[in-house]
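Next up, query30.txt (compact mmCIF, C-alpha atoms and all ligand atoms):
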# COMPACT_ATOMS: atom_id res chain seq x y z
CA MET J 21 7.35 -15.26 -13.54
CA ASN J 22 7.44 -14.38 -9.84
CA SER J 23 7.84 -16.86 -7.00
CA PRO J 24 5.88 -16.98 -3.71
CA LEU J 25 9.17 -16.74 -1.84
CA ALA J 26 10.29 -13.66 -3.72
CA THR J 27 11.47 -10.69 -1.72
CA LEU J 28 12.05 -8.44 -4.71
CA ASN J 29 9.50 -6.90 -7.05
CA THR J 30 10.02 -6.59 -10.82
CA GLN J 31 8.97 -3.29 -12.37
CA TRP J 32 8.98 -2.00 -15.94
CA ARG J 33 9.61 1.73 -16.05
CA LEU J 34 9.20 3.96 -19.07
CA ILE J 35 12.47 5.84 -19.54
CA ALA J 36 12.04 7.29 -23.05
CA ARG J 37 9.03 8.30 -25.14
CA PRO J 38 8.72 6.28 -28.37
CA ALA J 39 8.47 8.29 -31.60
CA GLY J 40 6.92 5.36 -33.49
CA GLU J 41 6.74 1.74 -32.42
CA VAL J 42 7.46 0.80 -28.82
CA GLY J 43 10.78 -0.97 -28.23
CA ARG J 44 12.68 -2.55 -25.37
CA GLU J 45 14.95 0.52 -25.32
CA HIS J 46 12.07 2.64 -23.99
CA PHE J 47 12.00 0.67 -20.73
CA GLN J 48 14.19 -0.05 -17.77
CA VAL J 49 13.60 -2.99 -15.43
CA THR J 50 14.13 -2.38 -11.70
CA ARG J 51 13.96 -4.79 -8.76
CA PRO J 52 13.11 -2.99 -5.50
CA PRO J 53 11.99 -4.83 -2.32
CA LEU J 54 8.39 -6.03 -2.15
CA PRO J 55 6.10 -3.20 -1.03
CA GLU J 56 4.30 -3.49 2.33
CA PRO J 57 0.73 -2.24 2.75
CA GLY J 58 -0.06 0.49 5.27
CA LEU J 59 -3.38 1.05 7.06
CA GLY J 60 -6.29 0.87 4.58
CA GLU J 61 -4.04 -0.65 1.91
CA VAL J 62 -3.50 -4.07 0.39
CA ARG J 63 -0.64 -5.76 -1.45
CA VAL J 64 -1.71 -7.34 -4.72
CA ARG J 65 0.12 -9.87 -6.89
CA ASN J 66 -0.64 -9.06 -10.50
CA LEU J 67 -1.93 -11.98 -12.58
CA TYR J 68 -2.96 -10.39 -15.89
CA LEU J 69 -2.01 -7.15 -17.61
CA LEU J 70 -4.34 -5.88 -20.33
CA ILE J 71 -2.62 -4.52 -23.46
CA PRO J 72 -5.05 -1.99 -24.95
CA PRO J 73 -3.89 -0.02 -28.03
CA SER J 74 -4.34 3.18 -26.01
CA MET J 75 -1.40 2.14 -23.80
CA ARG J 76 0.76 3.49 -26.61
CA LEU J 77 -0.93 6.91 -26.29
CA TRP J 78 -0.22 7.10 -22.56
CA MET J 79 3.50 7.04 -23.45
CA ASN J 80 3.25 10.34 -25.33
CA GLU J 81 3.93 13.68 -23.72
CA LYS J 82 0.53 14.94 -24.81
CA GLU J 83 -2.33 14.28 -22.42
CA THR J 84 -5.08 11.89 -23.55
CA TYR J 85 -7.93 10.71 -21.34
CA PHE J 86 -5.10 9.52 -19.07
CA PRO J 87 -2.35 11.81 -17.76
CA PRO J 88 0.92 11.30 -19.67
CA GLN J 89 3.06 8.51 -18.24
CA PRO J 90 5.85 10.18 -16.20
CA LEU J 91 9.31 9.11 -17.35
CA GLY J 92 11.21 6.99 -14.83
CA GLU J 93 8.00 5.74 -13.18
CA VAL J 94 6.45 2.27 -13.38
CA MET J 95 4.53 2.04 -16.67
CA ALA J 96 0.80 2.38 -16.04
CA GLY J 97 -1.19 -0.76 -16.67
CA ILE J 98 -4.70 -2.14 -16.27
CA THR J 99 -4.42 -5.34 -14.24
CA LEU J 100 -6.23 -8.17 -12.52
CA GLY J 101 -4.55 -9.51 -9.42
CA VAL J 102 -4.95 -11.40 -6.19
CA VAL J 103 -4.73 -9.84 -2.74
CA GLU J 104 -1.80 -11.26 -0.76
CA SER J 105 -1.88 -9.18 2.41
CA SER J 106 -4.44 -6.71 3.61
CA GLN J 107 -4.65 -3.88 6.12
CA ASP J 108 -8.27 -3.15 5.26
CA PRO J 109 -11.34 -5.18 6.31
CA SER J 110 -13.00 -4.90 2.86
CA LEU J 111 -10.46 -7.22 1.19
CA VAL J 112 -8.85 -10.43 2.41
CA PRO J 113 -5.98 -12.52 1.02
CA GLY J 114 -7.19 -14.56 -1.94
CA ASP J 115 -9.66 -11.92 -3.17
CA TYR J 116 -9.38 -11.12 -6.89
CA VAL J 117 -9.28 -7.44 -7.78
CA ASN J 118 -9.21 -5.29 -10.90
CA GLY J 119 -7.17 -2.12 -10.73
CA LEU J 120 -4.43 0.03 -12.18
CA GLY J 121 -1.64 -2.21 -10.94
CA GLY J 122 0.95 -1.17 -13.52
CA CYS J 123 3.63 -3.13 -15.37
CA GLN J 124 5.03 -4.83 -12.28
CA GLU J 125 4.64 -8.04 -10.31
CA TRP J 126 3.30 -6.59 -7.05
CA PHE J 127 1.79 -3.30 -6.04
CA VAL J 128 0.31 -1.67 -2.97
CA ALA J 129 -2.85 0.43 -3.22
CA PRO J 130 -5.66 1.69 -1.02
CA ALA J 131 -8.36 -1.01 -0.93
CA ALA J 132 -10.91 1.64 -1.92
CA GLN J 133 -9.19 2.06 -5.32
CA LEU J 134 -9.63 -1.60 -6.25
CA GLN J 135 -12.64 -3.41 -7.61
CA LYS J 136 -13.31 -6.82 -6.10
CA ILE J 137 -14.45 -9.43 -8.60
CA SER J 138 -16.21 -12.70 -7.86
CA PRO J 139 -15.51 -15.05 -10.77
CA ARG J 140 -18.42 -17.20 -11.78
CA PRO J 141 -17.77 -20.95 -12.22
CA GLY J 142 -17.10 -21.75 -15.86
CA VAL J 143 -16.00 -18.21 -16.76
CA PRO J 144 -12.20 -17.85 -17.07
CA LEU J 145 -10.63 -15.35 -14.71
CA ALA J 146 -8.96 -13.63 -17.67
CA ALA J 147 -12.39 -12.71 -19.06
CA TYR J 148 -12.86 -10.37 -16.10
CA ARG J 149 -9.85 -8.32 -17.23
CA SER J 150 -11.16 -8.11 -20.78
CA VAL J 151 -14.60 -8.70 -22.27
CA LEU J 152 -16.29 -8.54 -18.85
CA ASP J 153 -14.88 -5.13 -18.12
CA VAL J 154 -13.75 -2.08 -20.12
CA GLN J 155 -14.11 -3.65 -23.58
CA GLY J 156 -17.60 -4.95 -22.91
CA LEU J 157 -18.78 -1.63 -21.52
CA THR J 158 -17.13 0.21 -24.43
CA ALA J 159 -18.82 -1.96 -27.04
CA TRP J 160 -22.25 -1.85 -25.46
CA CYS J 161 -22.42 1.82 -24.49
CA GLY J 162 -20.67 3.10 -27.61
CA LEU J 163 -23.11 1.28 -29.86
CA THR J 164 -26.30 1.95 -27.91
CA GLU J 165 -25.70 5.43 -26.49
CA ILE J 166 -23.87 7.06 -29.40
CA GLY J 167 -25.00 4.82 -32.28
CA ARG J 168 -28.65 4.75 -31.15
CA PRO J 169 -29.43 1.72 -33.31
CA GLN J 170 -32.83 0.81 -34.73
CA ALA J 171 -33.52 -2.78 -35.80
CA GLY J 172 -32.99 -3.29 -39.52
CA GLU J 173 -30.29 -0.63 -39.83
CA THR J 174 -26.84 -1.31 -41.31
CA LEU J 175 -23.86 -1.18 -38.94
CA VAL J 176 -20.24 -1.28 -40.12
CA VAL J 177 -17.54 -2.02 -37.54
CA THR J 178 -13.78 -1.51 -38.00
CA ALA J 179 -11.14 -3.62 -36.18
CA ALA J 180 -14.19 -5.89 -36.08
CA ALA J 181 -12.37 -9.04 -35.01
CA GLY J 182 -10.70 -7.22 -32.13
CA SER J 183 -11.65 -7.15 -28.54
CA VAL J 184 -14.14 -4.26 -28.65
CA GLY J 185 -15.09 -4.72 -32.31
CA SER J 186 -16.17 -8.36 -32.04
CA LEU J 187 -18.43 -7.50 -29.12
CA VAL J 188 -19.95 -4.58 -31.04
CA CYS J 189 -20.70 -6.95 -33.93
CA GLN J 190 -22.47 -9.45 -31.69
CA ILE J 191 -24.41 -6.87 -29.69
CA GLY J 192 -25.44 -5.32 -33.02
CA LYS J 193 -26.78 -8.68 -34.23
CA ARG J 194 -28.76 -9.10 -31.01
CA LEU J 195 -30.29 -5.66 -31.59
CA GLY J 196 -31.48 -6.73 -35.06
CA LEU J 197 -28.91 -4.81 -37.10
CA ARG J 198 -27.34 -5.88 -40.38
CA VAL J 199 -23.67 -6.06 -39.40
CA ILE J 200 -20.65 -5.74 -41.68
CA GLY J 201 -17.24 -6.32 -40.09
CA ILE J 202 -13.94 -5.01 -41.47
CA ALA J 203 -10.82 -6.84 -40.31
CA GLY J 204 -7.30 -7.71 -41.46
CA GLY J 205 -6.90 -11.17 -42.97
CA ALA J 206 -8.96 -14.16 -44.05
CA GLU J 207 -8.76 -15.94 -40.70
CA LYS J 208 -10.21 -13.01 -38.75
CA CYS J 209 -12.93 -12.53 -41.36
CA ALA J 210 -13.87 -16.22 -41.23
CA TRP J 211 -14.11 -16.09 -37.42
CA LEU J 212 -16.37 -13.05 -37.61
CA ARG J 213 -18.64 -14.70 -40.15
CA ASP J 214 -18.70 -18.25 -38.75
CA GLU J 215 -18.52 -17.61 -35.00
CA CYS J 216 -19.85 -14.10 -34.46
CA GLY J 217 -22.57 -14.40 -37.09
CA VAL J 218 -22.00 -11.12 -38.94
CA ASP J 219 -23.80 -10.63 -42.25
CA GLY J 220 -20.78 -9.56 -44.30
CA VAL J 221 -17.02 -9.22 -43.94
CA ILE J 222 -14.35 -7.13 -45.62
CA ASP J 223 -10.66 -8.01 -45.43
CA TYR J 224 -9.15 -4.54 -45.68
CA ARG J 225 -5.67 -5.95 -46.30
CA HIS J 226 -6.66 -7.88 -49.45
CA ASP J 227 -10.09 -6.70 -50.67
CA ASP J 228 -11.02 -3.61 -52.67
CA VAL J 229 -12.70 -2.02 -49.64
CA ALA J 230 -14.68 0.61 -51.55
CA ALA J 231 -16.05 -1.97 -54.00
CA ARG J 232 -16.95 -4.37 -51.20
CA LEU J 233 -18.70 -1.59 -49.25
CA ASP J 234 -20.75 -0.68 -52.31
CA ALA J 235 -21.72 -4.32 -52.78
CA LEU J 236 -22.55 -5.00 -49.14
CA CYS J 237 -24.16 -1.65 -48.30
CA PRO J 238 -25.94 -0.61 -51.52
CA GLU J 239 -28.31 1.69 -49.59
CA GLY J 240 -25.48 3.20 -47.53
CA ILE J 241 -24.51 2.90 -43.87
CA ASP J 242 -26.62 3.92 -40.87
CA ILE J 243 -24.00 3.45 -38.15
CA VAL J 244 -20.21 3.31 -38.29
CA TYR J 245 -18.48 1.99 -35.17
CA GLU J 246 -15.01 3.42 -35.76
CA ASN J 247 -11.97 1.94 -34.06
CA VAL J 248 -9.26 2.53 -36.67
CA GLY J 249 -9.37 5.80 -38.67
CA GLY J 250 -7.40 6.54 -41.84
CA PRO J 251 -8.54 6.01 -45.44
CA VAL J 252 -11.12 3.32 -44.63
CA MET J 253 -12.83 5.69 -42.22
CA ASP J 254 -13.12 8.24 -45.03
CA MET J 255 -14.76 5.60 -47.23
CA LEU J 256 -17.26 4.84 -44.47
CA ILE J 257 -18.15 8.46 -43.79
CA GLU J 258 -18.69 9.04 -47.51
CA ARG J 259 -21.27 6.21 -47.54
CA LEU J 260 -23.35 7.41 -44.58
CA ARG J 261 -27.09 7.55 -45.04
CA PHE J 262 -29.21 10.56 -44.13
CA LYS J 263 -29.03 11.05 -40.32
CA GLY J 264 -26.26 8.44 -40.11
CA ARG J 265 -24.13 8.15 -36.97
CA VAL J 266 -20.40 7.62 -36.47
CA VAL J 267 -19.35 6.29 -33.07
CA LEU J 268 -15.78 7.54 -32.75
CA CYS J 269 -14.34 5.02 -30.32
CA GLY J 270 -10.68 5.07 -31.35
CA LEU J 271 -8.20 5.71 -34.18
CA VAL J 272 -5.73 2.92 -33.64
CA SER J 273 -4.05 3.34 -37.04
CA SER J 274 -2.65 6.69 -35.87
CA TYR J 275 -1.39 5.75 -32.39
CA ASN J 276 2.14 5.04 -33.60
CA GLY J 277 1.98 8.29 -35.64
CA GLY J 278 1.88 8.86 -39.34
CA VAL J 279 -1.75 8.41 -40.40
CA THR J 280 -3.79 11.43 -41.38
CA GLN J 281 -7.47 11.84 -42.12
CA ASN J 282 -8.96 13.28 -45.29
CA THR J 283 -11.09 16.06 -43.86
CA GLY J 284 -12.90 16.31 -47.20
CA SER J 285 -15.00 13.30 -46.18
CA LEU J 286 -16.42 15.34 -43.30
CA MET J 287 -18.58 17.31 -45.73
CA THR J 288 -20.75 14.19 -45.88
CA LEU J 289 -21.75 14.88 -42.27
CA VAL J 290 -23.19 18.17 -43.49
CA ASN J 291 -24.77 16.79 -46.65
CA LYS J 292 -26.43 13.91 -44.80
CA ALA J 293 -27.23 15.75 -41.56
CA ALA J 294 -25.17 13.01 -39.96
CA ARG J 295 -23.53 12.93 -36.55
CA MET J 296 -20.03 11.91 -35.44
CA GLU J 297 -19.49 11.77 -31.71
CA GLY J 298 -16.52 10.80 -29.59
CA PHE J 299 -17.07 8.08 -27.04
CA LEU J 300 -15.25 7.71 -23.74
CA VAL J 301 -16.01 4.67 -21.62
CA SER J 302 -15.37 6.49 -18.34
CA GLU J 303 -18.56 8.47 -19.01
CA TYR J 304 -20.58 5.26 -18.65
CA LEU J 305 -19.24 3.64 -15.48
CA HIS J 306 -22.70 4.03 -13.92
CA ARG J 307 -23.89 1.29 -16.32
CA TYR J 308 -21.10 -1.14 -15.39
CA GLN J 309 -23.07 -3.61 -13.22
CA GLU J 310 -26.02 -3.78 -15.62
CA VAL J 311 -23.94 -4.20 -18.80
CA VAL J 312 -21.24 -6.49 -17.43
CA GLY J 313 -23.91 -8.54 -15.62
CA THR J 314 -25.69 -9.21 -18.92
CA LEU J 315 -22.46 -9.96 -20.78
CA GLN J 316 -21.50 -12.38 -18.03
CA GLU J 317 -24.74 -14.31 -18.65
CA TRP J 318 -23.92 -14.52 -22.37
CA VAL J 319 -20.36 -15.64 -21.67
CA ALA J 320 -21.56 -18.27 -19.19
CA ASP J 321 -24.13 -19.73 -21.62
CA GLY J 322 -21.55 -19.71 -24.43
CA SER J 323 -23.54 -17.44 -26.75
CA LEU J 324 -21.03 -14.55 -26.67
CA LYS J 325 -17.89 -15.37 -28.64
CA TYR J 326 -14.56 -13.88 -27.66
CA GLN J 327 -10.89 -14.67 -27.94
CA ILE J 328 -8.18 -14.03 -25.39
CA GLU J 329 -4.53 -14.25 -26.30
CA VAL J 330 -2.03 -14.53 -23.47
CA LEU J 331 1.73 -13.97 -23.60
CA GLU J 332 3.77 -15.20 -20.66
CA GLY J 333 5.70 -12.91 -18.35
CA LEU J 334 6.47 -9.20 -18.09
CA ASP J 335 9.35 -9.67 -20.52
CA SER J 336 6.73 -10.05 -23.27
CA VAL J 337 5.17 -6.58 -22.75
CA VAL J 338 6.93 -4.99 -25.74
CA ASP J 339 6.08 -7.94 -27.96
CA ALA J 340 2.45 -7.84 -26.82
CA ILE J 341 2.13 -4.13 -27.65
CA GLY J 342 3.69 -4.74 -31.08
CA ARG J 343 1.25 -7.59 -31.80
CA VAL J 344 -1.74 -5.29 -31.25
CA PHE J 345 -0.40 -2.80 -33.79
CA ARG J 346 0.54 -5.48 -36.30
CA GLY J 347 -2.95 -7.00 -35.97
CA GLN J 348 -1.43 -10.27 -34.75
CA ASN J 349 -3.65 -10.40 -31.67
CA ARG J 350 -6.70 -12.64 -31.87
CA GLY J 351 -9.09 -10.70 -29.66
CA VAL J 352 -8.00 -9.41 -26.27
CA GLN J 353 -4.25 -9.24 -25.75
CA LEU J 354 -3.14 -10.04 -22.20
CA VAL J 355 0.23 -10.57 -20.55
CA LYS J 356 0.23 -13.16 -17.78
CA ILE J 357 2.42 -11.83 -14.98
CA SER J 358 1.98 -14.72 -12.56
CA ASP J 359 0.00 -17.95 -12.30
CA GLU J 360 -3.55 -17.88 -10.97
CA GLY J 361 -2.95 -20.80 -8.62
CA GLN J 362 0.40 -19.62 -7.26
CA ARG J 363 0.34 -18.52 -3.60
N1 LIG F 1 -13.03 5.44 -26.30
C1 LIG F 1 -12.93 4.54 -25.34
O1 LIG F 1 -13.37 4.74 -24.21
C2 LIG F 1 -12.24 3.24 -25.68
C3 LIG F 1 -12.15 2.20 -24.75
C4 LIG F 1 -11.53 1.00 -25.14
C5 LIG F 1 -11.00 0.88 -26.44
N2 LIG F 1 -11.11 1.96 -27.29
C6 LIG F 1 -10.62 1.87 -28.67
O2 LIG F 1 -11.22 0.76 -29.28
C7 LIG F 1 -10.40 0.34 -30.36
C8 LIG F 1 -10.21 -1.17 -30.28
O3 LIG F 1 -9.49 -1.47 -29.08
P1 LIG F 1 -9.30 -2.99 -28.62
O4 LIG F 1 -8.75 -2.94 -27.25
O5 LIG F 1 -10.53 -3.74 -28.87
O6 LIG F 1 -8.13 -3.49 -29.59
P2 LIG F 1 -8.22 -4.64 -30.67
O7 LIG F 1 -9.23 -4.26 -31.70
O8 LIG F 1 -8.38 -5.97 -30.01
O9 LIG F 1 -6.76 -4.60 -31.29
C9 LIG F 1 -6.41 -3.60 -32.17
C10 LIG F 1 -6.71 -4.03 -33.62
O10 LIG F 1 -6.67 -2.87 -34.41
C11 LIG F 1 -6.26 -3.23 -35.70
N3 LIG F 1 -5.16 -2.34 -36.12
C12 LIG F 1 -4.04 -2.07 -35.45
N4 LIG F 1 -3.26 -1.21 -36.15
C13 LIG F 1 -3.93 -0.95 -37.29
C14 LIG F 1 -3.67 -0.13 -38.42
N5 LIG F 1 -2.54 0.59 -38.53
N6 LIG F 1 -4.60 -0.09 -39.40
C15 LIG F 1 -5.72 -0.82 -39.32
N7 LIG F 1 -6.03 -1.59 -38.27
C16 LIG F 1 -5.15 -1.66 -37.27
C17 LIG F 1 -5.79 -4.69 -35.68
O11 LIG F 1 -6.83 -5.49 -36.23
P3 LIG F 1 -6.74 -6.01 -37.77
O12 LIG F 1 -5.94 -7.25 -37.75
O13 LIG F 1 -8.16 -6.22 -38.13
O14 LIG F 1 -6.04 -4.94 -38.53
C18 LIG F 1 -5.67 -4.97 -34.20
O15 LIG F 1 -5.93 -6.32 -33.89
C19 LIG F 1 -9.11 1.14 -30.27
O16 LIG F 1 -9.17 2.23 -31.15
C20 LIG F 1 -9.13 1.64 -28.84
O17 LIG F 1 -8.36 2.79 -28.65
C21 LIG F 1 -11.70 3.11 -26.94

Go ahead and render the structure in this file as structure tokens.
Ligand SMILES: NC(=O)c1ccc[n+]([C@@H]2O[C@H](COP(=O)([O-])OP(=O)(O)OC[C@H]3O[C@@H](n4cnc5c(N)ncnc54)[C@H](OP(=O)(O)O)[C@@H]3O)[C@@H](O)[C@H]2O)c1
Amino acid sequence: MNSPLATLNTQWRLIARPAGEVGREHFQVTRPPLPEPGLGEVRVRNLYLLIPPSMRLWMNEKETYFPPQPLGEVMAGITLGVVESSQDPSLVPGDYVNGLGGCQEWFVAPAAQLQKISPRPGVPLAAYRSVLDVQGLTAWCGLTEIGRPQAGETLVVTAAAGSVGSLVCQIGKRLGLRVIGIAGGAEKCAWLRDECGVDGVIDYRHDDVAARLDALCPEGIDIVYENVGGPVMDMLIERLRFKGRVVLCGLVSSYNGGVTQNTGSLMTLVNKAARMEGFLVSEYLHRYQEVVGTLQEWVADGSLKYQIEVLEGLDSVVDAIGRVFRGQNRGVQLVKISDEGQR
């Protein structure tokens, strides 16, 4: 953890591209002097670092929706921080900001590249770097814009107890859908059923997934919200109803490499005149205020359930990434870089 009297920054730099799982050996820690803001810039102390599964993809040489992480540079990271010094009138010390602050304690950026947030009483600050941001927008827009749900339809969600998935399940219920969640382990399934109110759960680690799908979706599936990929995705595509929709949000089971898709299942898209469409949250930033505003109401009145798991300190970055791929995270995985109250 950093100290208010610190004169040195701590930065995690990617120095080698992982072939499979991310390890400590892929990073180097450097300690340069604290950066000073120039005109139009601010210095921000990072509080929370989001650990999305896609962070693993940024480490590859191949471009994704993000440019590949350059080797030797500070690892990119989605952060929430507090402004400490400002050379721009739009932000003052003490303001909270979301931004791409990277895996480091402090950073300097143009004020115009940061998003000021005004936390509402009773809503934890960490929620603004998680459900009340990218994940919320992803869940809402992926389901409504690509899934185009109609009340009474059957929705199946993969990685359903995760950060995006659990929001999709709950938004689906509010839209009058029959929601089936697929997650790893009895505890996650119980949380989905008891807290998020889904209609059926499948524990893909222990259940016979195909048999459970046939029992829970005897008429087939109208919408698949796909976060995982692999063999379960094939089973879902094969059970699509006529004019079914697949929201392709992510394929987390392949991010460390190794998982392939059975393209034979794709013939179902032809047979059922179904649609599979990729979703990218950056296409929907124009809906941010509307969607996050509504989710904030639901968080504040306690009706939207979410879980945030926090590991302490930048030294836990590798562990945090590993937890997401081992399914050990309960909801959003964050790393706390410094204390909220520290000045
Ligand atoms: N397209 C976009 O714009 C966009 C934006 C944000 C997120 N996403 C995608 O949304 C998905 C969910 O992201 P999230 O941030 O909400 O993460 P998350 O669901 O909170 O965490 C990932 C979960 O995926 C499951 N998982 C990991 N490795 C797996 C494997 N090999 N096989 C099966 N399941 C595995 C684990 O759940 P279990 O314990 O249940 O296995 C894990 O908890 C990801 O695919 C991500 O890339 C896309």

Determine, using only C-alpha atoms and all ligand atoms, which residues of chain J have any atom at most 6 Å from an atom of ligand LIG 1 (chain F), and tabulate each with its shortest atom pair and distance in Å to one decimal place, rows ordered by chain and then rising number, as CSV.
residue,atom,partner,partner_atom,distance
J:Pro72,CA,F:LIG1,O4,4.5
J:Pro73,CA,F:LIG1,O17,5.3
J:Ser74,CA,F:LIG1,O17,4.8
J:Gln155,CA,F:LIG1,C4,5.5
J:Thr158,CA,F:LIG1,C3,5.4
J:Ala179,CA,F:LIG1,O13,4.4
J:Ala181,CA,F:LIG1,O13,6.0
J:Gly182,CA,F:LIG1,O7,3.3
J:Ser183,CA,F:LIG1,O5,3.6
J:Val184,CA,F:LIG1,O5,3.7
J:Gly185,CA,F:LIG1,O5,5.8
J:Ala203,CA,F:LIG1,O13,3.5
J:Gly204,CA,F:LIG1,O13,3.7
J:Asn247,CA,F:LIG1,O16,4.0
J:Val248,CA,F:LIG1,N7,5.5
J:Cys269,CA,F:LIG1,N1,4.2
J:Gly270,CA,F:LIG1,O16,3.2
J:Leu271,CA,F:LIG1,O16,4.7
J:Val272,CA,F:LIG1,O16,4.3
J:Ser273,CA,F:LIG1,N5,3.5
J:Phe299,CA,F:LIG1,N1,4.9
J:Leu300,CA,F:LIG1,O1,3.5
J:Val301,CA,F:LIG1,O1,3.7
J:Val344,CA,F:LIG1,C18,4.9
J:Phe345,CA,F:LIG1,N4,4.0
J:Arg346,CA,F:LIG1,N4,5.7
J:Gly347,CA,F:LIG1,O12,3.5
J:Asn349,CA,F:LIG1,O15,5.2
J:Gly351,CA,F:LIG1,O8,4.8
J:Val352,CA,F:LIG1,O8,5.1

At a cut-off of 7 Å, using all atoms listed in the file, what residues contact segment 276-290 of chain J? Leave out same-chain residues fewer than 6 positions from it and give the result as a list in words.
Gly40, Glu41, Gly250, Pro251, Asp254, Ile257 and Glu258 of chain J

Do you have the atom CA of Gly192 of chain J-atom CA of Leu77 of chain J distance handy?
28.2 Å

For atom CA of Val267 of chain J and atom CA of Pro87 of chain J, quote the distance in Å rounded to one decimal.
23.5 Å

Given the choices J:Ile35, J:Leu69, J:Val218, J:Val143, which gets closest to Ile357 of chain J if the distance is worked out from only C-alpha atoms?
J:Leu69

Which residues come within 6 Å of segment 54-62 of chain J, counting only C-alpha atoms, excluding same-chain residues fewer than 5 positions away, as a PyMOL selection string?
chain J and resi 27-29+105-108+128-131

Please enclose the listed atoms of segment 234-244 of chain J in an axis-aligned box, pad each side by 5 Å, and write out the centre and the three edge lengths in Å, rounded to one decimal, as JSON.
{"center_x": -24.3, "center_y": -0.5, "center_z": -45.5, "size_x": 18.1, "size_y": 18.9, "size_z": 24.6}

Restrict the output to segment 82-96 of chain J and N, CA and C atoms, then write it as a CSV table (one decimal), in the first residue's frame.
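The new file selection.csv reads:
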chain,number,residue,atom,x,y,z
J,82,LYS,N,-1.5,-10.3,-30.3
J,82,LYS,CA,-2.6,-10.0,-31.3
J,82,LYS,C,-3.5,-9.0,-30.7
J,83,GLU,N,-3.9,-8.1,-31.6
J,83,GLU,CA,-4.8,-7.0,-31.2
J,83,GLU,C,-6.2,-7.5,-30.9
J,84,THR,N,-6.8,-7.0,-29.8
J,84,THR,CA,-8.2,-7.3,-29.5
J,84,THR,C,-9.0,-5.9,-29.7
J,85,TYR,N,-10.0,-5.7,-28.9
J,85,TYR,CA,-10.6,-4.3,-28.9
J,85,TYR,C,-9.7,-3.3,-28.3
J,86,PHE,N,-8.6,-3.7,-27.7
J,86,PHE,CA,-7.6,-2.9,-27.1
J,86,PHE,C,-6.3,-3.1,-27.9
J,87,PRO,N,-5.5,-2.1,-28.0
J,87,PRO,CA,-4.2,-2.4,-28.7
J,87,PRO,C,-3.4,-3.3,-27.8
J,88,PRO,N,-2.5,-4.2,-28.3
J,88,PRO,CA,-1.7,-5.1,-27.5
J,88,PRO,C,-0.9,-4.3,-26.5
J,89,GLN,N,-0.8,-4.8,-25.3
J,89,GLN,CA,0.0,-4.2,-24.3
J,89,GLN,C,1.5,-4.1,-24.7
J,90,PRO,N,2.1,-3.0,-24.8
J,90,PRO,CA,3.6,-3.0,-25.2
J,90,PRO,C,4.4,-3.5,-24.1
J,91,LEU,N,5.4,-4.4,-24.4
J,91,LEU,CA,6.3,-5.0,-23.4
J,91,LEU,C,7.2,-3.9,-22.8
J,92,GLY,N,7.4,-3.9,-21.5
J,92,GLY,CA,8.2,-3.0,-20.9
J,92,GLY,C,7.5,-1.8,-20.3
J,93,GLU,N,6.2,-1.6,-20.8
J,93,GLU,CA,5.4,-0.5,-20.3
J,93,GLU,C,4.5,-0.9,-19.1
J,94,VAL,N,4.0,0.1,-18.4
J,94,VAL,CA,3.1,-0.2,-17.3
J,94,VAL,C,1.9,-0.9,-17.8
J,95,MET,N,1.5,-2.0,-17.2
J,95,MET,CA,0.4,-2.8,-17.6
J,95,MET,C,-0.9,-2.0,-17.5
J,96,ALA,N,-1.6,-2.0,-18.7
J,96,ALA,CA,-2.9,-1.3,-18.7
J,96,ALA,C,-3.8,-1.7,-17.6
